[in-house]
>>> print(open('query_16.cif').read())   # mmCIF, C-alpha atoms and all ligand atoms
data_final
loop_
_atom_site.label_atom_id
_atom_site.label_comp_id
_atom_site.auth_asym_id
_atom_site.auth_seq_id
_atom_site.Cartn_x
_atom_site.Cartn_y
_atom_site.Cartn_z
CA MET A 1090 11.13 30.58 15.21
CA ASN A 1091 14.35 30.95 17.08
CA TYR A 1092 16.79 28.03 16.80
CA THR A 1093 19.79 29.61 18.54
CA LYS A 1094 20.34 26.77 20.98
CA SER A 1095 19.88 24.08 18.32
CA GLN A 1096 22.43 25.87 16.14
CA GLN A 1097 24.92 26.02 19.01
CA LEU A 1098 24.34 22.38 19.88
CA PHE A 1099 24.71 21.31 16.25
CA SER A 1100 28.10 23.07 16.01
CA ARG A 1101 29.19 21.43 19.23
CA ALA A 1102 27.88 18.01 18.14
CA GLN A 1103 29.91 18.11 14.94
CA GLN A 1104 33.14 18.37 16.93
CA SER A 1105 32.58 14.93 18.46
CA ILE A 1106 29.92 13.04 16.49
CA PRO A 1107 30.17 12.32 12.72
CA GLY A 1108 27.94 14.92 11.05
CA GLY A 1109 26.64 15.80 14.50
CA VAL A 1110 24.18 12.90 14.53
CA ASN A 1111 24.00 9.23 15.44
CA SER A 1112 21.81 8.31 12.45
CA PRO A 1113 22.22 10.11 9.10
CA VAL A 1114 18.72 11.33 8.15
CA ARG A 1115 18.55 13.34 11.39
CA ALA A 1116 21.20 15.70 9.98
CA PHE A 1117 18.74 17.55 7.65
CA ARG A 1118 21.28 17.16 4.81
CA SER A 1119 18.69 16.93 2.03
CA VAL A 1120 16.27 19.57 3.32
CA GLY A 1121 19.02 21.91 4.53
CA GLY A 1122 19.11 23.93 7.72
CA THR A 1123 19.89 22.97 11.28
CA PRO A 1124 18.45 19.88 12.94
CA VAL A 1125 16.19 20.73 15.83
CA PHE A 1126 17.56 19.43 19.14
CA ILE A 1127 14.74 17.92 21.14
CA LYS A 1128 14.53 18.37 24.88
CA SER A 1129 11.36 16.43 25.68
CA ALA A 1130 8.01 15.38 24.33
CA LYS A 1131 4.53 14.61 25.59
CA GLY A 1132 1.68 13.07 23.66
CA ALA A 1133 1.75 14.37 20.07
CA HIS A 1134 4.05 17.30 20.84
CA LEU A 1135 7.80 17.81 20.77
CA PHE A 1136 9.61 20.54 22.71
CA ASP A 1137 13.03 21.67 21.53
CA GLU A 1138 15.97 23.22 23.37
CA ASP A 1139 14.90 26.75 22.33
CA GLY A 1140 11.42 26.32 23.80
CA ASN A 1141 9.67 25.79 20.43
CA GLN A 1142 6.80 23.34 20.21
CA PHE A 1143 5.98 21.02 17.29
CA ILE A 1144 3.23 18.60 16.30
CA ASP A 1145 5.13 15.37 15.74
CA TYR A 1146 4.65 13.38 12.52
CA ILE A 1147 7.74 11.21 13.05
CA ASN A 1148 7.16 9.68 16.46
CA SER A 1149 10.71 8.40 16.66
CA TRP A 1150 10.19 6.90 13.16
CA GLY A 1151 7.35 4.76 14.38
CA PRO A 1152 7.74 3.46 17.92
CA MET A 1153 5.68 6.09 19.77
CA ILE A 1154 2.33 4.90 18.44
CA LEU A 1155 0.54 5.91 21.67
CA GLY A 1156 2.31 9.25 21.91
CA HIS A 1157 5.33 10.42 23.85
CA ALA A 1158 5.89 9.77 27.53
CA TYR A 1159 2.92 7.42 27.59
CA GLU A 1160 2.35 7.05 31.31
CA PRO A 1161 1.95 3.26 31.73
CA VAL A 1162 5.20 2.71 29.77
CA VAL A 1163 7.13 5.37 31.69
CA LYS A 1164 5.93 4.00 35.02
CA ALA A 1165 6.75 0.40 34.10
CA ILE A 1166 10.30 1.39 33.10
CA GLN A 1167 10.84 3.32 36.35
CA GLU A 1168 9.64 0.43 38.50
CA LYS A 1169 11.65 -2.19 36.62
CA ALA A 1170 14.88 -0.19 36.65
CA ALA A 1171 14.96 -0.29 40.45
CA GLY A 1172 15.51 -4.06 40.24
CA SER A 1173 18.67 -3.67 38.12
CA THR A 1174 18.94 -2.96 34.41
CA SER A 1175 20.53 -6.15 33.06
CA PHE A 1176 21.38 -9.68 34.13
CA GLY A 1177 22.58 -11.63 31.07
CA ALA A 1178 20.47 -14.50 32.36
CA PRO A 1179 16.92 -15.57 31.51
CA THR A 1180 13.93 -13.83 33.10
CA GLU A 1181 10.21 -14.62 33.28
CA LEU A 1182 9.46 -11.32 31.58
CA GLU A 1183 11.06 -12.62 28.37
CA ILE A 1184 8.58 -15.51 28.32
CA ASP A 1185 5.69 -13.10 28.96
CA MET A 1186 6.90 -10.99 26.03
CA ALA A 1187 7.25 -13.95 23.65
CA GLU A 1188 3.81 -15.26 24.63
CA LEU A 1189 2.23 -11.84 24.21
CA ILE A 1190 3.70 -11.43 20.73
CA LYS A 1191 2.49 -14.91 19.76
CA SER A 1192 -1.00 -14.08 21.01
CA MET A 1193 -1.09 -10.97 18.79
CA ALA A 1194 0.70 -11.93 15.57
CA PRO A 1195 0.09 -14.96 13.35
CA ASN A 1196 2.65 -17.54 12.16
CA ILE A 1197 5.00 -17.33 15.10
CA ASP A 1198 5.92 -20.55 16.86
CA LEU A 1199 9.25 -19.34 18.23
CA ILE A 1200 10.58 -15.82 18.59
CA ARG A 1201 13.98 -14.41 19.55
CA MET A 1202 14.48 -10.91 20.93
CA VAL A 1203 17.33 -8.68 19.71
CA SER A 1204 18.14 -4.99 20.14
CA SER A 1205 17.33 -3.43 16.75
CA GLY A 1206 15.47 -3.95 13.51
CA THR A 1207 18.81 -4.29 11.74
CA GLU A 1208 19.78 -7.21 13.95
CA ALA A 1209 16.39 -8.84 13.43
CA CYS A 1210 16.57 -8.69 9.62
CA MET A 1211 20.25 -9.63 9.45
CA SER A 1212 19.61 -12.66 11.66
CA ALA A 1213 16.53 -13.69 9.66
CA ILE A 1214 18.58 -13.73 6.45
CA ARG A 1215 21.36 -15.71 8.09
CA LEU A 1216 18.81 -18.19 9.38
CA ALA A 1217 17.14 -18.53 5.97
CA ARG A 1218 20.54 -19.21 4.44
CA GLY A 1219 21.46 -21.73 7.10
CA TYR A 1220 18.10 -23.44 6.79
CA THR A 1221 18.04 -23.70 3.00
CA GLY A 1222 21.77 -24.08 2.37
CA ARG A 1223 21.46 -21.36 -0.30
CA ASN A 1224 23.25 -17.99 -0.46
CA LYS A 1225 21.24 -15.52 -2.49
CA PHE A 1226 18.16 -13.56 -1.53
CA ILE A 1227 15.80 -11.11 -3.20
CA LYS A 1228 14.97 -7.69 -1.81
CA PHE A 1229 13.04 -4.83 -3.38
CA GLU A 1230 14.41 -1.52 -4.60
CA GLY A 1231 13.70 1.19 -2.05
CA CYS A 1232 12.99 -1.24 0.77
CA TYR A 1233 15.17 -0.84 3.85
CA HIS A 1234 15.93 -3.71 6.18
CA GLY A 1235 18.55 -2.08 8.35
CA HIS A 1236 22.21 -1.38 7.69
CA ALA A 1237 23.67 -4.91 7.61
CA ASP A 1238 26.07 -5.30 4.65
CA CYS A 1239 23.83 -7.56 2.61
CA PHE A 1240 20.92 -5.06 2.66
CA LEU A 1241 22.76 -1.95 1.54
CA VAL A 1242 21.89 -2.48 -2.07
CA LYS A 1243 19.17 -0.15 -3.40
CA ALA A 1244 18.09 0.38 0.16
CA GLY A 1245 15.66 3.25 0.46
CA SER A 1246 15.32 6.58 2.20
CA GLY A 1247 18.54 7.15 4.11
CA LEU A 1248 20.56 6.33 1.03
CA ALA A 1249 18.12 7.95 -1.41
CA THR A 1250 18.14 11.11 0.71
CA LEU A 1251 21.92 11.30 0.64
CA ASN A 1252 22.04 10.11 -2.99
CA ILE A 1253 24.31 7.18 -2.15
CA GLN A 1254 24.29 4.66 -5.02
CA THR A 1255 26.88 2.13 -4.01
CA VAL A 1256 28.15 1.84 -0.49
CA PRO A 1257 31.90 1.79 0.18
CA GLY A 1258 32.72 -0.98 2.61
CA ILE A 1259 30.33 -3.49 1.07
CA THR A 1260 32.37 -6.09 -0.76
CA ALA A 1261 31.44 -7.30 -4.24
CA GLY A 1262 31.19 -10.80 -2.78
CA VAL A 1263 28.44 -9.68 -0.42
CA ALA A 1264 26.63 -7.51 -2.97
CA LYS A 1265 26.46 -10.27 -5.58
CA ASP A 1266 24.25 -12.38 -3.36
CA THR A 1267 21.66 -9.62 -3.00
CA LEU A 1268 19.28 -9.65 -5.94
CA THR A 1269 16.87 -6.75 -6.37
CA ALA A 1270 13.53 -6.27 -8.07
CA PRO A 1271 11.27 -3.21 -8.33
CA TYR A 1272 8.54 -3.08 -5.67
CA ASN A 1273 5.19 -4.36 -6.94
CA ASP A 1274 6.88 -6.14 -9.86
CA LEU A 1275 6.15 -9.84 -9.64
CA GLN A 1276 7.42 -10.58 -13.15
CA THR A 1277 10.96 -9.52 -12.32
CA VAL A 1278 10.88 -11.74 -9.25
CA GLU A 1279 9.76 -14.68 -11.38
CA LYS A 1280 12.61 -13.98 -13.79
CA LEU A 1281 15.19 -13.80 -11.00
CA VAL A 1282 13.96 -17.05 -9.50
CA GLU A 1283 14.25 -18.74 -12.87
CA GLU A 1284 17.74 -17.34 -13.54
CA HIS A 1285 19.01 -18.32 -10.10
CA ASN A 1286 17.12 -21.55 -9.87
CA GLY A 1287 17.86 -23.35 -6.59
CA ASP A 1288 20.17 -20.59 -5.27
CA ILE A 1289 17.66 -18.33 -3.56
CA ALA A 1290 17.31 -18.68 0.20
CA ALA A 1291 14.80 -15.93 0.89
CA ILE A 1292 12.60 -13.14 -0.35
CA ILE A 1293 12.44 -10.25 2.12
CA ILE A 1294 9.95 -7.42 1.83
CA GLU A 1295 8.35 -4.49 3.61
CA PRO A 1296 4.68 -5.54 3.30
CA VAL A 1297 3.76 -1.87 3.12
CA ALA A 1298 6.89 0.00 2.06
CA GLY A 1299 7.73 2.96 4.27
CA ASN A 1300 11.34 3.68 3.46
CA MET A 1301 10.82 5.34 0.08
CA GLY A 1302 7.76 7.21 1.28
CA CYS A 1303 4.65 5.15 1.88
CA ILE A 1304 3.98 2.65 -0.91
CA PRO A 1305 1.31 0.00 -0.34
CA PRO A 1306 1.52 -3.35 -2.11
CA GLN A 1307 -0.67 -3.73 -5.18
CA GLU A 1308 -3.41 -6.32 -5.45
CA ALA A 1309 -2.05 -9.90 -5.59
CA PHE A 1310 1.62 -8.86 -5.24
CA LEU A 1311 2.27 -10.33 -1.79
CA GLU A 1312 0.13 -13.37 -2.62
CA GLY A 1313 2.29 -13.89 -5.71
CA LEU A 1314 5.47 -13.78 -3.64
CA ARG A 1315 3.99 -16.30 -1.21
CA ARG A 1316 3.17 -18.62 -4.12
CA ILE A 1317 6.68 -18.35 -5.58
CA CYS A 1318 8.21 -19.09 -2.17
CA ASP A 1319 5.98 -22.15 -1.79
CA GLU A 1320 6.87 -23.45 -5.25
CA GLU A 1321 10.61 -22.94 -4.86
CA ASN A 1322 11.04 -23.67 -1.13
CA ILE A 1323 12.18 -20.09 -0.57
CA VAL A 1324 11.83 -18.59 2.91
CA PHE A 1325 9.34 -15.70 2.83
CA ILE A 1326 10.53 -13.03 5.27
CA VAL A 1327 8.01 -10.32 6.04
CA ASP A 1328 9.83 -7.32 7.52
CA GLU A 1329 7.32 -5.85 9.94
CA VAL A 1330 9.81 -3.55 11.68
CA MET A 1331 7.70 -0.59 10.56
CA THR A 1332 4.27 -2.17 10.08
CA GLY A 1333 4.28 -4.55 13.06
CA PHE A 1334 1.79 -3.55 15.78
CA ARG A 1335 1.17 -0.35 13.78
CA LEU A 1336 -1.20 -1.38 10.99
CA ALA A 1337 -3.01 -3.79 13.29
CA ALA A 1338 -2.27 -5.72 16.48
CA GLY A 1339 -1.13 -8.56 14.21
CA GLY A 1340 0.68 -6.19 11.83
CA ALA A 1341 0.54 -6.41 8.06
CA GLN A 1342 0.24 -10.19 8.27
CA GLU A 1343 -3.18 -9.76 9.90
CA LYS A 1344 -4.23 -6.68 7.95
CA LEU A 1345 -3.29 -8.08 4.52
CA ASN A 1346 -3.84 -11.73 5.32
CA ILE A 1347 -0.34 -12.91 4.42
CA ASN A 1348 1.58 -15.84 5.86
CA ALA A 1349 5.22 -15.25 6.63
CA ASP A 1350 7.75 -18.03 7.16
CA LEU A 1351 9.84 -15.59 9.17
CA VAL A 1352 8.83 -12.18 10.43
CA THR A 1353 10.99 -9.38 11.80
CA TYR A 1354 10.03 -6.65 14.26
CA GLY A 1355 11.48 -3.43 15.63
CA LYS A 1356 10.21 0.07 16.37
CA VAL A 1357 6.79 -0.28 18.12
CA ILE A 1358 7.83 -3.60 19.71
CA GLY A 1359 10.21 -1.76 22.05
CA GLY A 1360 7.89 1.00 23.19
CA GLY A 1361 10.69 3.49 22.48
CA LEU A 1362 13.57 1.38 23.76
CA PRO A 1363 16.08 -0.44 21.50
CA VAL A 1364 14.30 -3.70 20.68
CA GLY A 1365 13.92 -5.97 17.69
CA ALA A 1366 12.77 -9.53 17.22
CA PHE A 1367 12.62 -12.25 14.62
CA GLY A 1368 10.41 -15.27 14.72
CA GLY A 1369 8.37 -17.68 12.68
CA LYS A 1370 7.79 -21.29 11.89
CA LYS A 1371 9.23 -23.83 14.28
CA GLU A 1372 10.80 -25.90 11.53
CA ILE A 1373 12.95 -22.91 10.53
CA MET A 1374 13.50 -21.28 13.93
CA GLU A 1375 14.81 -24.57 15.35
CA HIS A 1376 17.97 -24.01 13.34
CA ILE A 1377 18.99 -21.11 15.59
CA ALA A 1378 21.57 -21.76 18.35
CA PRO A 1379 21.39 -23.35 20.87
CA LEU A 1380 18.80 -25.62 19.18
CA GLY A 1381 20.62 -25.60 15.87
CA ASN A 1382 23.95 -24.37 14.57
CA VAL A 1383 22.98 -21.06 12.95
CA TYR A 1384 24.65 -18.74 15.45
CA GLN A 1385 22.98 -15.64 16.82
CA ALA A 1386 23.44 -13.95 20.19
CA GLY A 1387 23.28 -10.68 22.11
CA THR A 1388 24.62 -9.51 25.48
CA LEU A 1389 21.65 -7.20 26.04
CA SER A 1390 19.03 -9.22 24.12
CA GLY A 1391 15.84 -9.50 26.18
CA ASN A 1392 17.03 -6.69 28.44
CA PRO A 1393 14.52 -6.23 31.28
CA ILE A 1394 13.98 -2.49 30.82
CA ALA A 1395 13.51 -2.88 27.07
CA MET A 1396 11.20 -5.86 27.63
CA ILE A 1397 8.97 -4.10 30.15
CA ALA A 1398 8.65 -1.08 27.87
CA GLY A 1399 7.71 -3.27 24.91
CA PHE A 1400 5.49 -5.55 26.95
CA THR A 1401 3.54 -2.63 28.40
CA MET A 1402 3.14 -0.97 25.01
CA LEU A 1403 1.99 -4.17 23.27
CA SER A 1404 -0.41 -4.99 26.12
CA GLU A 1405 -2.05 -1.57 25.70
CA LEU A 1406 -2.41 -2.20 21.97
CA LYS A 1407 -3.79 -5.69 22.46
CA ASN A 1408 -6.28 -4.63 25.12
CA ASN A 1409 -7.53 -1.57 23.24
CA PRO A 1410 -8.28 -2.65 19.68
CA SER A 1411 -10.20 0.60 19.08
CA ILE A 1412 -6.80 2.34 18.86
CA TYR A 1413 -6.41 1.02 15.32
CA GLN A 1414 -9.85 2.28 14.34
CA GLU A 1415 -8.99 5.71 15.75
CA LEU A 1416 -5.65 5.78 13.92
CA GLU A 1417 -7.46 4.86 10.70
CA GLU A 1418 -9.99 7.67 11.18
CA LYS A 1419 -7.27 10.22 11.84
CA GLY A 1420 -5.31 8.94 8.85
CA ALA A 1421 -8.31 9.22 6.55
CA TYR A 1422 -8.98 12.76 7.83
CA LEU A 1423 -5.34 13.72 7.24
CA GLU A 1424 -5.31 12.21 3.75
CA LYS A 1425 -8.52 13.98 2.73
CA GLY A 1426 -7.33 17.33 4.11
CA LEU A 1427 -3.94 17.11 2.39
CA ASN A 1428 -5.54 16.23 -0.94
CA GLU A 1429 -8.08 19.06 -0.70
CA ILE A 1430 -5.62 21.76 0.26
CA LEU A 1431 -2.91 20.76 -2.23
CA SER A 1432 -5.51 20.49 -5.03
CA GLN A 1433 -6.80 23.99 -4.22
CA LYS A 1434 -3.24 25.16 -4.63
CA SER A 1435 -2.94 23.27 -7.95
CA LEU A 1436 0.19 21.58 -6.66
CA PRO A 1437 0.76 18.24 -8.42
CA HIS A 1438 0.81 15.64 -5.69
CA ARG A 1439 0.02 12.10 -4.65
CA VAL A 1440 -0.87 11.19 -1.11
CA ASN A 1441 -0.13 7.53 -0.35
CA ARG A 1442 -1.49 6.14 2.86
CA PHE A 1443 -1.95 2.85 4.64
CA GLY A 1444 -3.38 3.21 8.16
CA SER A 1445 -1.12 5.47 10.19
CA MET A 1446 1.63 5.55 7.56
CA ILE A 1447 1.28 8.38 5.05
CA SER A 1448 3.39 10.50 2.71
CA ILE A 1449 3.06 13.17 0.06
CA PHE A 1450 4.86 12.87 -3.24
CA PHE A 1451 5.03 16.10 -5.22
CA CYS A 1452 4.61 14.56 -8.65
CA ASP A 1453 1.99 13.84 -11.30
CA ASN A 1454 2.25 10.05 -11.45
CA GLU A 1455 0.99 7.16 -9.36
CA VAL A 1456 3.69 6.09 -6.90
CA THR A 1457 4.07 2.31 -6.76
CA SER A 1458 7.85 1.80 -6.78
CA LEU A 1459 11.18 3.50 -6.09
CA GLU A 1460 11.35 4.63 -9.70
CA SER A 1461 7.97 6.36 -9.61
CA ALA A 1462 8.72 7.75 -6.14
CA SER A 1463 11.91 9.34 -7.39
CA LYS A 1464 9.93 11.58 -9.77
CA THR A 1465 8.81 13.56 -6.73
CA ASP A 1466 9.92 17.21 -6.74
CA THR A 1467 12.32 17.29 -3.80
CA LYS A 1468 12.74 21.07 -4.11
CA ILE A 1469 9.06 21.62 -3.38
CA PHE A 1470 9.21 19.05 -0.61
CA ASN A 1471 12.11 20.86 1.03
CA GLN A 1472 10.21 24.19 0.96
CA PHE A 1473 7.13 22.42 2.27
CA PHE A 1474 9.16 20.82 5.05
CA HIS A 1475 10.66 24.12 6.19
CA HIS A 1476 7.34 25.97 5.99
CA LEU A 1477 5.79 23.37 8.26
CA LEU A 1478 8.74 23.26 10.65
CA GLU A 1479 8.75 27.06 10.94
CA ASN A 1480 5.07 26.86 11.87
CA GLY A 1481 5.34 24.11 14.45
CA VAL A 1482 4.76 20.94 12.42
CA TYR A 1483 7.58 18.39 12.46
CA LEU A 1484 7.74 16.13 9.38
CA PRO A 1485 10.45 13.60 8.50
CA PRO A 1486 13.31 15.64 6.97
CA SER A 1487 13.25 13.72 3.68
CA ALA A 1488 10.96 13.41 0.68
CA TYR A 1489 11.49 9.65 0.85
CA GLU A 1490 10.16 8.89 4.31
CA SER A 1491 6.76 7.87 5.51
CA TRP A 1492 5.24 10.03 8.22
CA PHE A 1493 4.05 8.24 11.33
CA PHE A 1494 1.50 9.63 13.69
CA SER A 1495 0.43 8.53 17.14
CA ASN A 1496 -2.98 8.09 18.64
CA ALA A 1497 -2.18 11.05 20.88
CA LEU A 1498 -2.57 13.23 17.77
CA SER A 1499 -5.91 15.04 18.04
CA PHE A 1500 -8.26 16.33 15.38
CA GLU A 1501 -7.36 19.77 16.69
CA ASP A 1502 -3.68 19.03 15.90
CA LEU A 1503 -4.73 17.88 12.44
CA ASP A 1504 -6.74 21.07 11.84
CA LYS A 1505 -3.78 23.15 13.00
CA THR A 1506 -1.61 21.24 10.53
CA PHE A 1507 -4.09 22.03 7.74
CA ASP A 1508 -4.06 25.75 8.65
CA VAL A 1509 -0.28 25.76 8.29
CA ILE A 1510 -0.40 23.96 4.94
CA ARG A 1511 -3.04 26.39 3.62
CA ARG A 1512 -0.50 29.16 4.15
CA PHE A 1513 2.21 27.32 2.15
C1 LIG B 1 13.73 0.90 10.66
C2 LIG B 1 13.69 -0.32 9.84
C3 LIG B 1 14.66 -1.32 9.97
C4 LIG B 1 15.90 -1.15 10.81
O1 LIG B 1 15.60 -1.05 12.17
P1 LIG B 1 16.69 -0.38 13.15
O2 LIG B 1 16.09 -0.56 14.50
O3 LIG B 1 16.81 1.05 12.72
O4 LIG B 1 17.96 -1.12 13.00
C5 LIG B 1 14.48 -2.50 9.27
N1 LIG B 1 13.40 -2.69 8.48
C6 LIG B 1 12.46 -1.75 8.33
C7 LIG B 1 11.28 -2.01 7.46
C8 LIG B 1 12.58 -0.52 8.98
O5 LIG B 1 11.66 0.42 8.80
#
>>> encode(input="query_16.cif", output="structure tokens")
Amino acid sequence: MNYTKSQQLFSRAQQSIPGGVNSPVRAFRSVGGTPVFIKSAKGAHLFDEDGNQFIDYINSWGPMILGHAYEPVVKAIQEKAAGSTSFGAPTELEIDMAELIKSMAPNIDLIRMVSSGTEACMSAIRLARGYTGRNKFIKFEGCYHGHADCFLVKAGSGLATLNIQTVPGITAGVAKDTLTAPYNDLQTVEKLVEEHNGDIAAIIIEPVAGNMGCIPPQEAFLEGLRRICDEENIVFIVDEVMTGFRLAAGGAQEKLNINADLVTYGKVIGGGLPVGAFGGKKEIMEHIAPLGNVYQAGTLSGNPIAMIAGFTMLSELKNNPSIYQELEEKGAYLEKGLNEILSQKSLPHRVNRFGSMISIFFCDNEVTSLESASKTDTKIFNQFFHHLLENGVYLPPSAYESWFFSNALSFEDLDKTFDVIRRF
């Protein structure tokens, strides 16, 4: 493939944008080579500036679950924009959005819209602290909850990809209140809770981890966390930024039958526009300003264009429950094909999948935590990545990211993907 224009654009970008990108993993640092500059996309296919075409397994890192340029969403945005793009005052559409979310996801009495997943998770932690009067919280190694200071401790793909261990700019005072445990390790959580008895405000988790590759929770793990939170009056925050509206209309909470005290959203909820949300039980959410004195605000929160994009996307998902069945069938087909082809090649591998989240680890061991994920052979992954890219298949440019596919992906696209992998 010819990447002349992308190469020129990348050189130009680096003169004005740090590393040429506005979010680090896009820079292809770990896989090497030049990031592909995208011009447009439709359905399951991306088109770059050089005229190359790719089958998309990123889908904007999750949001485009119905495929790119999904017509009802595009049309709704166009119509709404004609009535102005922001007011900084309440609108009926915000109520429609909140009601729609409540009708789809469990355990939400009140919900507040924000503009990113980072904001949602950061605000949920602040609220849990304000509500409990405690400072510390527990997160899991390899889980990512956005780039707020308190989360940048053992925080998954972006940092794993760039091999960043400790983050300059995060003060020791902040870091000391973030306790970490390995994913799927209930015992360590129990130990931490005992050691920091009465000091822990919250446990936050990706119910299916997607930021160290795809790692599903093991049997009884999430239930165990729920029990600990109940016993110790700890706020259980389920970070559904990735899983929300993707694994099911009601997210991981519905799919895995878990009860969150607070839940955070991003990605799919905005239909491709910058949206996040956090919500949950009334008793806790009432502590947010203006009801309570835990402060949280946003000039563009509930923005009409973002709301109509999200509202239209979520309505489609709610009204067409077969989408999730179709995504599951495509996921199962992809998983089976990957396993068959890589086994024929005698390449050690593990394919982890949950619904439409999937990833390959090039290693010999089960992958259940960041530690086991980090045994993956990143050199093979990087060759694999470039082989696929060169042949029109666009994977996340990191061995530590989940792939996301959309329902626009066809079985023909999947078969094409298999043909390319057979030639690896
Ligand atoms: C992407 C992600 C975030 C951060 O969302 P942004 O919109 O990128 O700020 C938080 N939590 C999880 C689980 C995510 O996957």
>>> residues_around(input="query_16.cif", residues="region 1440-1449 of chain A", least_positions_apart="5", cutoff="8 Å", atoms="all atoms listed in the file", output="list of chain:residue names")
A:Val1297, A:Gly1299, A:Gly1302, A:Cys1303, A:Ile1304, A:Pro1305, A:Arg1335, A:Leu1336, A:Leu1416, A:Glu1417, A:Lys1419, A:Gly1420, A:Ala1421, A:Glu1424, A:Leu1427, A:Asn1428, A:Val1456, A:Ala1488, A:Glu1490, A:Ser1491, A:Trp1492, A:Phe1493, A:Phe1494, A:Ser1495
>>> write_last_selection(input="query_16.cif", atoms="C-alpha atoms", output="mmCIF file, in the coordinates of the input")
data_model
loop_
_atom_site.group_PDB
_atom_site.id
_atom_site.type_symbol
_atom_site.label_atom_id
_atom_site.label_comp_id
_atom_site.auth_asym_id
_atom_site.auth_seq_id
_atom_site.Cartn_x
_atom_site.Cartn_y
_atom_site.Cartn_z
ATOM 1 C CA VAL A 1297 3.760 -1.870 3.120
ATOM 2 C CA GLY A 1299 7.730 2.960 4.270
ATOM 3 C CA GLY A 1302 7.760 7.210 1.280
ATOM 4 C CA CYS A 1303 4.650 5.150 1.880
ATOM 5 C CA ILE A 1304 3.980 2.650 -0.910
ATOM 6 C CA PRO A 1305 1.310 0.000 -0.340
ATOM 7 C CA ARG A 1335 1.170 -0.350 13.780
ATOM 8 C CA LEU A 1336 -1.200 -1.380 10.990
ATOM 9 C CA LEU A 1416 -5.650 5.780 13.920
ATOM 10 C CA GLU A 1417 -7.460 4.860 10.700
ATOM 11 C CA LYS A 1419 -7.270 10.220 11.840
ATOM 12 C CA GLY A 1420 -5.310 8.940 8.850
ATOM 13 C CA ALA A 1421 -8.310 9.220 6.550
ATOM 14 C CA GLU A 1424 -5.310 12.210 3.750
ATOM 15 C CA LEU A 1427 -3.940 17.110 2.390
ATOM 16 C CA ASN A 1428 -5.540 16.230 -0.940
ATOM 17 C CA VAL A 1456 3.690 6.090 -6.900
ATOM 18 C CA ALA A 1488 10.960 13.410 0.680
ATOM 19 C CA GLU A 1490 10.160 8.890 4.310
ATOM 20 C CA SER A 1491 6.760 7.870 5.510
ATOM 21 C CA TRP A 1492 5.240 10.030 8.220
ATOM 22 C CA PHE A 1493 4.050 8.240 11.330
ATOM 23 C CA PHE A 1494 1.500 9.630 13.690
ATOM 24 C CA SER A 1495 0.430 8.530 17.140
#
>>> residues_near_ligand(input="query_16.cif", ligand="ligand LIG 1 (chain B)", cutoff="9 Å", atoms="all atoms listed in the file", output="JSON list (two decimals) with C-alpha atoms, in the frame of the given file")
[["chain", "number", "residue", "atom", "x", "y", "z"],
["A", 1112, "SER", "CA", 21.81, 8.31, 12.45],
["A", 1150, "TRP", "CA", 10.19, 6.90, 13.16],
["A", 1151, "GLY", "CA", 7.35, 4.76, 14.38],
["A", 1204, "SER", "CA", 18.14, -4.99, 20.14],
["A", 1205, "SER", "CA", 17.33, -3.43, 16.75],
["A", 1206, "GLY", "CA", 15.47, -3.95, 13.51],
["A", 1207, "THR", "CA", 18.81, -4.29, 11.74],
["A", 1208, "GLU", "CA", 19.78, -7.21, 13.95],
["A", 1209, "ALA", "CA", 16.39, -8.84, 13.43],
["A", 1210, "CYS", "CA", 16.57, -8.69, 9.62],
["A", 1232, "CYS", "CA", 12.99, -1.24, 0.77],
["A", 1233, "TYR", "CA", 15.17, -0.84, 3.85],
["A", 1234, "HIS", "CA", 15.93, -3.71, 6.18],
["A", 1235, "GLY", "CA", 18.55, -2.08, 8.35],
["A", 1236, "HIS", "CA", 22.21, -1.38, 7.69],
["A", 1237, "ALA", "CA", 23.67, -4.91, 7.61],
["A", 1294, "ILE", "CA", 9.95, -7.42, 1.83],
["A", 1295, "GLU", "CA", 8.35, -4.49, 3.61],
["A", 1296, "PRO", "CA", 4.68, -5.54, 3.30],
["A", 1297, "VAL", "CA", 3.76, -1.87, 3.12],
["A", 1298, "ALA", "CA", 6.89, 0.00, 2.06],
["A", 1299, "GLY", "CA", 7.73, 2.96, 4.27],
["A", 1300, "ASN", "CA", 11.34, 3.68, 3.46],
["A", 1328, "ASP", "CA", 9.83, -7.32, 7.52],
["A", 1329, "GLU", "CA", 7.32, -5.85, 9.94],
["A", 1330, "VAL", "CA", 9.81, -3.55, 11.68],
["A", 1331, "MET", "CA", 7.70, -0.59, 10.56],
["A", 1332, "THR", "CA", 4.27, -2.17, 10.08],
["A", 1353, "THR", "CA", 10.99, -9.38, 11.80],
["A", 1354, "TYR", "CA", 10.03, -6.65, 14.26],
["A", 1355, "GLY", "CA", 11.48, -3.43, 15.63],
["A", 1356, "LYS", "CA", 10.21, 0.07, 16.37],
["A", 1363, "PRO", "CA", 16.08, -0.44, 21.50],
["A", 1364, "VAL", "CA", 14.30, -3.70, 20.68],
["A", 1365, "GLY", "CA", 13.92, -5.97, 17.69]]
>>> closest_residue(input="query_16.cif", among="A:Asp1185, A:Glu1501, A:Asp1145, A:Glu1320", to="Met1396 (chain A)", atoms="all atoms listed in the file")
A:Asp1185
>>> atom_distance(input="query_16.cif", atom1="CA of Leu1362 (chain A)", atom2="CA of Tyr1159 (chain A)")
12.8 Å
>>> residues_around(input="query_16.cif", residues="region 1402-1408 of chain A", least_positions_apart="4", cutoff="10 Å", atoms="all atoms listed in the file", output="MDAnalysis selection string")
chainID A and resid 1152:1155 1159 1161:1162 1165 1186 1189:1190 1192:1193 1334:1335 1337:1339 1357:1361 1396:1398 1412:1413
